[in-house]
Amino acid sequence: MARYLIEVPHEEEKVACARVVDIFLKTGSHYLTHTDWGCMDGDHRAWLIVEVDTKEDARRILPPAFRSHARITGLNKFNMEQIDAILGHHQQQKKSAA
């Protein structure tokens, strides 16, 4: 399965924050009840990291009212072999262009 970061912005007003959190918690969804929030630090967004098959599967985790505003980012990790290959390829291209 792929990993996705879901970011959901919401209005800055205190009541708006409380309503969004209330909606997420009342869904009972494991994902939504374990959401991280930035509100107390002045960043009015929610973040979740989920493991699902597709970006659309990630989007469907959210209540319908928040789906269109959500930003879904596929996550990946790199290892040293991958980075060495990328940098090596870049160096070869640089030499060829000179």
# chains A, B, ... in the order shown; residues from 1 in each chain; ligands from 1

$ select_by_dssp --residues "region 16-53 of chain A" --states "helix (DSSP H, G or I)" --output "VMD selection string"
chain A and resid 16 to 27 30 to 33 39 to 41

$ write_last_selection --atoms "all heavy atoms" --output "short mmCIF file (atom, residue, chain, number, x, y, z; two decimals), in the first residue's frame"
data_model
loop_
_atom_site.label_atom_id
_atom_site.label_comp_id
_atom_site.auth_asym_id
_atom_site.auth_seq_id
_atom_site.Cartn_x
_atom_site.Cartn_y
_atom_site.Cartn_z
N ALA A 16 -15.11 27.82 14.33
CA ALA A 16 -14.91 27.02 13.12
C ALA A 16 -13.98 25.85 13.41
O ALA A 16 -14.24 24.73 12.96
CB ALA A 16 -14.36 27.89 12.00
N CYS A 17 -12.91 26.10 14.14
CA CYS A 17 -11.98 25.02 14.53
C CYS A 17 -12.73 23.94 15.30
O CYS A 17 -12.60 22.75 15.01
CB CYS A 17 -10.85 25.55 15.40
SG CYS A 17 -9.63 26.51 14.54
N ALA A 18 -13.48 24.38 16.30
CA ALA A 18 -14.20 23.42 17.14
C ALA A 18 -15.18 22.59 16.32
O ALA A 18 -15.32 21.39 16.54
CB ALA A 18 -14.92 24.16 18.27
N ARG A 19 -15.84 23.21 15.36
CA ARG A 19 -16.80 22.48 14.53
C ARG A 19 -16.11 21.42 13.67
O ARG A 19 -16.61 20.30 13.52
CB ARG A 19 -17.58 23.44 13.65
CG ARG A 19 -18.62 24.21 14.43
CD ARG A 19 -19.49 25.06 13.52
NE ARG A 19 -20.45 25.79 14.32
CZ ARG A 19 -20.77 27.05 14.13
NH1 ARG A 19 -20.23 27.71 13.13
NH2 ARG A 19 -21.66 27.64 14.91
N VAL A 20 -14.98 21.78 13.08
CA VAL A 20 -14.25 20.82 12.25
C VAL A 20 -13.78 19.64 13.10
O VAL A 20 -13.95 18.48 12.72
CB VAL A 20 -13.05 21.49 11.54
CG1 VAL A 20 -12.20 20.46 10.82
CG2 VAL A 20 -13.53 22.56 10.58
N VAL A 21 -13.18 19.94 14.23
CA VAL A 21 -12.71 18.87 15.12
C VAL A 21 -13.89 18.00 15.55
O VAL A 21 -13.80 16.77 15.55
CB VAL A 21 -11.97 19.44 16.34
CG1 VAL A 21 -11.62 18.34 17.33
CG2 VAL A 21 -10.71 20.19 15.90
N ASP A 22 -14.99 18.62 15.89
CA ASP A 22 -16.20 17.89 16.29
C ASP A 22 -16.65 16.93 15.19
O ASP A 22 -16.94 15.76 15.46
CB ASP A 22 -17.31 18.89 16.62
CG ASP A 22 -18.56 18.23 17.13
OD1 ASP A 22 -18.50 17.55 18.18
OD2 ASP A 22 -19.61 18.38 16.48
N ILE A 23 -16.68 17.39 13.96
CA ILE A 23 -17.08 16.54 12.84
C ILE A 23 -16.13 15.36 12.70
O ILE A 23 -16.55 14.21 12.54
CB ILE A 23 -17.15 17.35 11.53
CG1 ILE A 23 -18.33 18.33 11.59
CG2 ILE A 23 -17.27 16.44 10.32
CD1 ILE A 23 -18.31 19.39 10.50
N PHE A 24 -14.83 15.63 12.74
CA PHE A 24 -13.84 14.56 12.61
C PHE A 24 -14.00 13.52 13.72
O PHE A 24 -14.02 12.32 13.46
CB PHE A 24 -12.42 15.13 12.62
CG PHE A 24 -11.92 15.57 11.28
CD1 PHE A 24 -12.67 16.39 10.45
CD2 PHE A 24 -10.67 15.18 10.84
CE1 PHE A 24 -12.19 16.80 9.21
CE2 PHE A 24 -10.18 15.57 9.61
CZ PHE A 24 -10.94 16.39 8.79
N LEU A 25 -14.12 13.98 14.95
CA LEU A 25 -14.22 13.05 16.08
C LEU A 25 -15.50 12.24 16.05
O LEU A 25 -15.50 11.04 16.37
CB LEU A 25 -14.10 13.81 17.40
CG LEU A 25 -12.75 14.45 17.70
CD1 LEU A 25 -12.81 15.25 18.99
CD2 LEU A 25 -11.63 13.41 17.75
N LYS A 26 -16.60 12.87 15.66
CA LYS A 26 -17.89 12.16 15.66
C LYS A 26 -18.01 11.13 14.55
O LYS A 26 -18.91 10.29 14.61
CB LYS A 26 -19.04 13.16 15.58
CG LYS A 26 -19.28 13.86 16.90
CD LYS A 26 -20.45 14.80 16.83
CE LYS A 26 -20.70 15.43 18.20
NZ LYS A 26 -21.76 16.44 18.14
N THR A 27 -17.13 11.15 13.57
CA THR A 27 -17.19 10.12 12.53
C THR A 27 -16.90 8.75 13.12
O THR A 27 -17.37 7.74 12.61
CB THR A 27 -16.17 10.36 11.39
OG1 THR A 27 -14.84 10.20 11.91
CG2 THR A 27 -16.37 11.71 10.73
N HIS A 30 -11.09 5.65 12.77
CA HIS A 30 -9.78 5.60 13.42
C HIS A 30 -8.87 6.69 12.88
O HIS A 30 -8.19 7.37 13.64
CB HIS A 30 -9.13 4.22 13.23
CG HIS A 30 -7.72 4.18 13.69
ND1 HIS A 30 -7.38 4.07 15.02
CD2 HIS A 30 -6.55 4.24 13.01
CE1 HIS A 30 -6.07 4.07 15.14
NE2 HIS A 30 -5.54 4.18 13.93
N TYR A 31 -8.85 6.85 11.56
CA TYR A 31 -8.00 7.87 10.96
C TYR A 31 -8.36 9.26 11.47
O TYR A 31 -7.50 10.04 11.87
CB TYR A 31 -8.15 7.88 9.43
CG TYR A 31 -7.56 6.69 8.74
CD1 TYR A 31 -8.35 5.89 7.92
CD2 TYR A 31 -6.21 6.36 8.85
CE1 TYR A 31 -7.82 4.79 7.25
CE2 TYR A 31 -5.68 5.27 8.19
CZ TYR A 31 -6.48 4.50 7.39
OH TYR A 31 -5.95 3.43 6.74
N LEU A 32 -9.63 9.58 11.43
CA LEU A 32 -10.07 10.94 11.75
C LEU A 32 -9.99 11.25 13.24
O LEU A 32 -9.81 12.41 13.62
CB LEU A 32 -11.48 11.19 11.22
CG LEU A 32 -11.60 11.09 9.69
CD1 LEU A 32 -13.05 11.33 9.27
CD2 LEU A 32 -10.66 12.05 8.99
N THR A 33 -10.13 10.26 14.08
CA THR A 33 -10.02 10.51 15.52
C THR A 33 -8.57 10.61 15.98
O THR A 33 -8.31 10.98 17.11
CB THR A 33 -10.75 9.43 16.34
OG1 THR A 33 -10.18 8.15 16.05
CG2 THR A 33 -12.25 9.43 16.04
N CYS A 39 -3.99 24.04 15.08
CA CYS A 39 -4.78 25.21 15.53
C CYS A 39 -4.17 25.92 16.74
O CYS A 39 -4.15 27.15 16.78
CB CYS A 39 -6.20 24.79 15.84
SG CYS A 39 -7.00 23.92 14.48
N MET A 40 -3.70 25.17 17.70
CA MET A 40 -3.19 25.79 18.93
C MET A 40 -1.90 26.57 18.68
O MET A 40 -1.49 27.38 19.50
CB MET A 40 -2.95 24.73 20.01
CG MET A 40 -4.22 23.99 20.42
SD MET A 40 -5.47 25.06 21.15
CE MET A 40 -4.76 25.30 22.77
N ASP A 41 -1.30 26.36 17.49
CA ASP A 41 -0.09 27.09 17.11
C ASP A 41 -0.38 28.10 16.00
O ASP A 41 0.52 28.63 15.39
CB ASP A 41 1.00 26.11 16.66
CG ASP A 41 2.38 26.73 16.66
OD1 ASP A 41 2.65 27.61 17.50
OD2 ASP A 41 3.20 26.34 15.80
#

$ residues_around --residues "Gly38 (chain A)" --least-positions-apart "4" --cutoff "12 Å" --atoms "only C-alpha atoms" --output "PyMOL selection string"
chain A and resi 7-10+12+17+21+42-48

$ write_last_selection --atoms "N, CA and C atoms" --output "JSON list (two decimals), in the first residue's frame"
[["chain", "number", "residue", "atom", "x", "y", "z"],
["A", 7, "GLU", "N", -3.81, 16.80, 4.06],
["A", 7, "GLU", "CA", -3.79, 18.10, 4.72],
["A", 7, "GLU", "C", -5.12, 18.78, 4.47],
["A", 8, "VAL", "N", -5.78, 19.19, 5.54],
["A", 8, "VAL", "CA", -7.12, 19.79, 5.42],
["A", 8, "VAL", "C", -7.11, 21.16, 6.10],
["A", 9, "PRO", "N", -7.18, 22.23, 5.31],
["A", 9, "PRO", "CA", -7.26, 23.57, 5.91],
["A", 9, "PRO", "C", -8.68, 23.86, 6.37],
["A", 10, "HIS", "N", -8.79, 24.78, 7.32],
["A", 10, "HIS", "CA", -10.11, 25.23, 7.75],
["A", 10, "HIS", "C", -10.01, 26.67, 8.25],
["A", 12, "GLU", "N", -10.03, 30.09, 10.44],
["A", 12, "GLU", "CA", -9.26, 30.40, 11.65],
["A", 12, "GLU", "C", -10.07, 30.65, 12.90],
["A", 17, "CYS", "N", -12.91, 26.10, 14.14],
["A", 17, "CYS", "CA", -11.98, 25.02, 14.53],
["A", 17, "CYS", "C", -12.73, 23.94, 15.30],
["A", 21, "VAL", "N", -13.18, 19.94, 14.23],
["A", 21, "VAL", "CA", -12.71, 18.87, 15.12],
["A", 21, "VAL", "C", -13.89, 18.00, 15.55],
["A", 42, "GLY", "N", -1.67, 28.35, 15.75],
["A", 42, "GLY", "CA", -2.06, 29.34, 14.75],
["A", 42, "GLY", "C", -2.06, 28.83, 13.32],
["A", 43, "ASP", "N", -1.85, 27.54, 13.12],
["A", 43, "ASP", "CA", -1.85, 26.95, 11.78],
["A", 43, "ASP", "C", -3.12, 26.11, 11.66],
["A", 44, "HIS", "N", -4.11, 26.63, 10.99],
["A", 44, "HIS", "CA", -5.44, 26.04, 11.00],
["A", 44, "HIS", "C", -5.59, 24.98, 9.91],
["A", 45, "ARG", "N", -4.89, 23.88, 10.15],
["A", 45, "ARG", "CA", -4.95, 22.73, 9.25],
["A", 45, "ARG", "C", -4.92, 21.45, 10.09],
["A", 46, "ALA", "N", -5.44, 20.41, 9.46],
["A", 46, "ALA", "CA", -5.40, 19.08, 10.04],
["A", 46, "ALA", "C", -4.48, 18.23, 9.17],
["A", 47, "TRP", "N", -3.77, 17.27, 9.78],
["A", 47, "TRP", "CA", -2.89, 16.38, 9.04],
["A", 47, "TRP", "C", -3.12, 14.94, 9.45],
["A", 48, "LEU", "N", -3.13, 14.07, 8.45],
["A", 48, "LEU", "CA", -3.23, 12.63, 8.68],
["A", 48, "LEU", "C", -2.25, 11.95, 7.75]]

$ residues_around --residues "Val52 (chain A)" --least-positions-apart "2" --cutoff "10 Å" --atoms "only C-alpha atoms" --output "ChimeraX atom specification"
/A:1-4,49-50,54-58,61

$ write_last_selection --atoms "all heavy atoms" --output "CSV table (one decimal), in the first residue's frame"
chain,number,residue,atom,x,y,z
A,1,MET,N,0.8,-1.2,0.0
A,1,MET,CA,0.0,0.0,0.0
A,1,MET,C,0.9,1.2,0.0
A,1,MET,O,2.0,1.2,0.6
A,1,MET,CB,-0.9,0.0,1.2
A,1,MET,CG,-2.2,-0.8,1.0
A,1,MET,SD,-3.3,-0.4,2.3
A,1,MET,CE,-4.0,-2.0,2.5
A,2,ALA,N,0.3,2.3,-0.6
A,2,ALA,CA,1.0,3.6,-0.6
A,2,ALA,C,0.7,4.4,0.7
A,2,ALA,O,-0.3,4.2,1.3
A,2,ALA,CB,0.6,4.3,-1.8
A,3,ARG,N,1.6,5.3,1.0
A,3,ARG,CA,1.3,6.2,2.1
A,3,ARG,C,1.0,7.6,1.6
A,3,ARG,O,1.7,8.1,0.6
A,3,ARG,CB,2.6,6.3,3.0
A,3,ARG,CG,2.8,5.0,3.7
A,3,ARG,CD,4.1,5.1,4.6
A,3,ARG,NE,3.8,5.9,5.7
A,3,ARG,CZ,4.6,6.8,6.3
A,3,ARG,NH1,5.9,6.8,5.9
A,3,ARG,NH2,4.3,7.5,7.3
A,4,TYR,N,0.1,8.3,2.2
A,4,TYR,CA,-0.3,9.6,1.8
A,4,TYR,C,-0.4,10.5,3.0
A,4,TYR,O,-0.9,10.1,4.0
A,4,TYR,CB,-1.7,9.6,1.1
A,4,TYR,CG,-1.6,8.8,-0.2
A,4,TYR,CD1,-2.0,7.5,-0.3
A,4,TYR,CD2,-1.2,9.4,-1.4
A,4,TYR,CE1,-1.9,6.7,-1.5
A,4,TYR,CE2,-1.2,8.7,-2.6
A,4,TYR,CZ,-1.5,7.4,-2.6
A,4,TYR,OH,-1.5,6.7,-3.8
A,49,ILE,N,-1.7,10.9,8.2
A,49,ILE,CA,-0.9,10.0,7.3
A,49,ILE,C,-1.6,8.7,7.3
A,49,ILE,O,-1.9,8.1,8.3
A,49,ILE,CB,0.6,9.9,7.8
A,49,ILE,CG1,1.3,11.2,7.7
A,49,ILE,CG2,1.3,8.8,6.9
A,49,ILE,CD1,2.7,11.2,8.2
A,50,VAL,N,-1.9,8.3,6.1
A,50,VAL,CA,-2.7,7.0,5.9
A,50,VAL,C,-2.0,6.1,4.9
A,50,VAL,O,-1.3,6.5,4.0
A,50,VAL,CB,-4.1,7.3,5.4
A,50,VAL,CG1,-4.9,8.2,6.4
A,50,VAL,CG2,-4.2,8.0,4.0
A,54,THR,N,-4.8,4.3,-3.2
A,54,THR,CA,-4.7,5.4,-4.1
A,54,THR,C,-5.0,6.7,-3.4
A,54,THR,O,-5.5,6.7,-2.3
A,54,THR,CB,-5.8,5.2,-5.3
A,54,THR,OG1,-7.1,5.4,-4.7
A,54,THR,CG2,-5.7,3.9,-6.0
A,55,LYS,N,-4.7,7.8,-4.2
A,55,LYS,CA,-5.0,9.1,-3.6
A,55,LYS,C,-6.5,9.3,-3.4
A,55,LYS,O,-7.0,9.9,-2.5
A,55,LYS,CB,-4.6,10.2,-4.6
A,55,LYS,CG,-3.1,10.6,-4.5
A,55,LYS,CD,-2.8,11.8,-5.3
A,55,LYS,CE,-1.4,12.2,-5.1
A,55,LYS,NZ,-1.0,13.4,-5.8
A,56,GLU,N,-7.3,8.7,-4.3
A,56,GLU,CA,-8.8,8.8,-4.2
A,56,GLU,C,-9.3,8.1,-2.9
A,56,GLU,O,-10.2,8.5,-2.2
A,56,GLU,CB,-9.5,8.4,-5.4
A,56,GLU,CG,-9.5,9.4,-6.5
A,56,GLU,CD,-9.9,10.8,-6.0
A,56,GLU,OE1,-11.0,10.9,-5.4
A,56,GLU,OE2,-9.2,11.8,-6.2
A,57,ASP,N,-8.6,6.9,-2.6
A,57,ASP,CA,-9.0,6.2,-1.4
A,57,ASP,C,-8.6,7.1,-0.2
A,57,ASP,O,-9.4,7.1,0.8
A,57,ASP,CB,-8.2,4.9,-1.3
A,57,ASP,CG,-8.6,3.9,-2.3
A,57,ASP,OD1,-9.8,4.0,-2.8
A,57,ASP,OD2,-7.9,2.9,-2.5
A,58,ALA,N,-7.5,7.8,-0.2
A,58,ALA,CA,-7.2,8.7,0.9
A,58,ALA,C,-8.2,9.8,1.0
A,58,ALA,O,-8.6,10.2,2.1
A,58,ALA,CB,-5.8,9.3,0.6
A,61,ILE,N,-11.5,9.0,2.8
A,61,ILE,CA,-11.4,8.9,4.3
A,61,ILE,C,-12.1,10.2,4.9
A,61,ILE,O,-12.7,10.1,6.0
A,61,ILE,CB,-10.0,8.7,4.8
A,61,ILE,CG1,-9.5,7.3,4.4
A,61,ILE,CG2,-9.9,9.0,6.3
A,61,ILE,CD1,-8.0,7.1,4.6

$ residues_around --residues "region 75-85 of chain A" --least-positions-apart "2" --cutoff "7 Å" --atoms "only C-alpha atoms" --output "number ranges by chain"
A: 3-5, 73, 87-89

$ closest_residue --among "A:Val15, A:Ala97, A:Ile6, A:Ile86" --to "Arg67 (chain A)" --atoms "only C-alpha atoms"
A:Ile6

$ select_by_dssp --residues "region 3-91 of chain A" --states "strand (DSSP E or B)" --output "mmCIF file with C-alpha atoms, in the first residue's frame"
data_model
loop_
_atom_site.group_PDB
_atom_site.id
_atom_site.type_symbol
_atom_site.label_atom_id
_atom_site.label_comp_id
_atom_site.auth_asym_id
_atom_site.auth_seq_id
_atom_site.Cartn_x
_atom_site.Cartn_y
_atom_site.Cartn_z
ATOM 1 C CA ARG A 3 1.345 6.227 2.101
ATOM 2 C CA TYR A 4 -0.321 9.611 1.771
ATOM 3 C CA LEU A 5 -0.248 12.825 3.756
ATOM 4 C CA ILE A 6 -3.695 14.403 3.908
ATOM 5 C CA GLU A 7 -3.786 18.095 4.724
ATOM 6 C CA VAL A 8 -7.116 19.787 5.423
ATOM 7 C CA PRO A 9 -7.263 23.565 5.913
ATOM 8 C CA ASP A 36 -3.053 16.032 14.162
ATOM 9 C CA TRP A 37 -4.101 19.681 14.350
ATOM 10 C CA ARG A 45 -4.947 22.728 9.255
ATOM 11 C CA ALA A 46 -5.403 19.076 10.043
ATOM 12 C CA TRP A 47 -2.890 16.378 9.037
ATOM 13 C CA LEU A 48 -3.235 12.634 8.684
ATOM 14 C CA ILE A 49 -0.874 10.027 7.303
ATOM 15 C CA VAL A 50 -2.700 7.026 5.888
ATOM 16 C CA GLU A 51 -1.806 3.809 4.089
ATOM 17 C CA VAL A 52 -4.258 3.121 1.270
ATOM 18 C CA ARG A 71 -4.377 18.347 -0.328
ATOM 19 C CA ILE A 72 -3.234 14.753 -0.776
ATOM 20 C CA THR A 73 0.499 14.091 -1.141
ATOM 21 C CA GLY A 74 2.029 10.710 -1.896
ATOM 22 C CA LEU A 75 4.917 9.978 0.444
#

$ atom_distance --atom1 "CA of Gly28 (chain A)" --atom2 "CA of Pro63 (chain A)"
11.2 Å
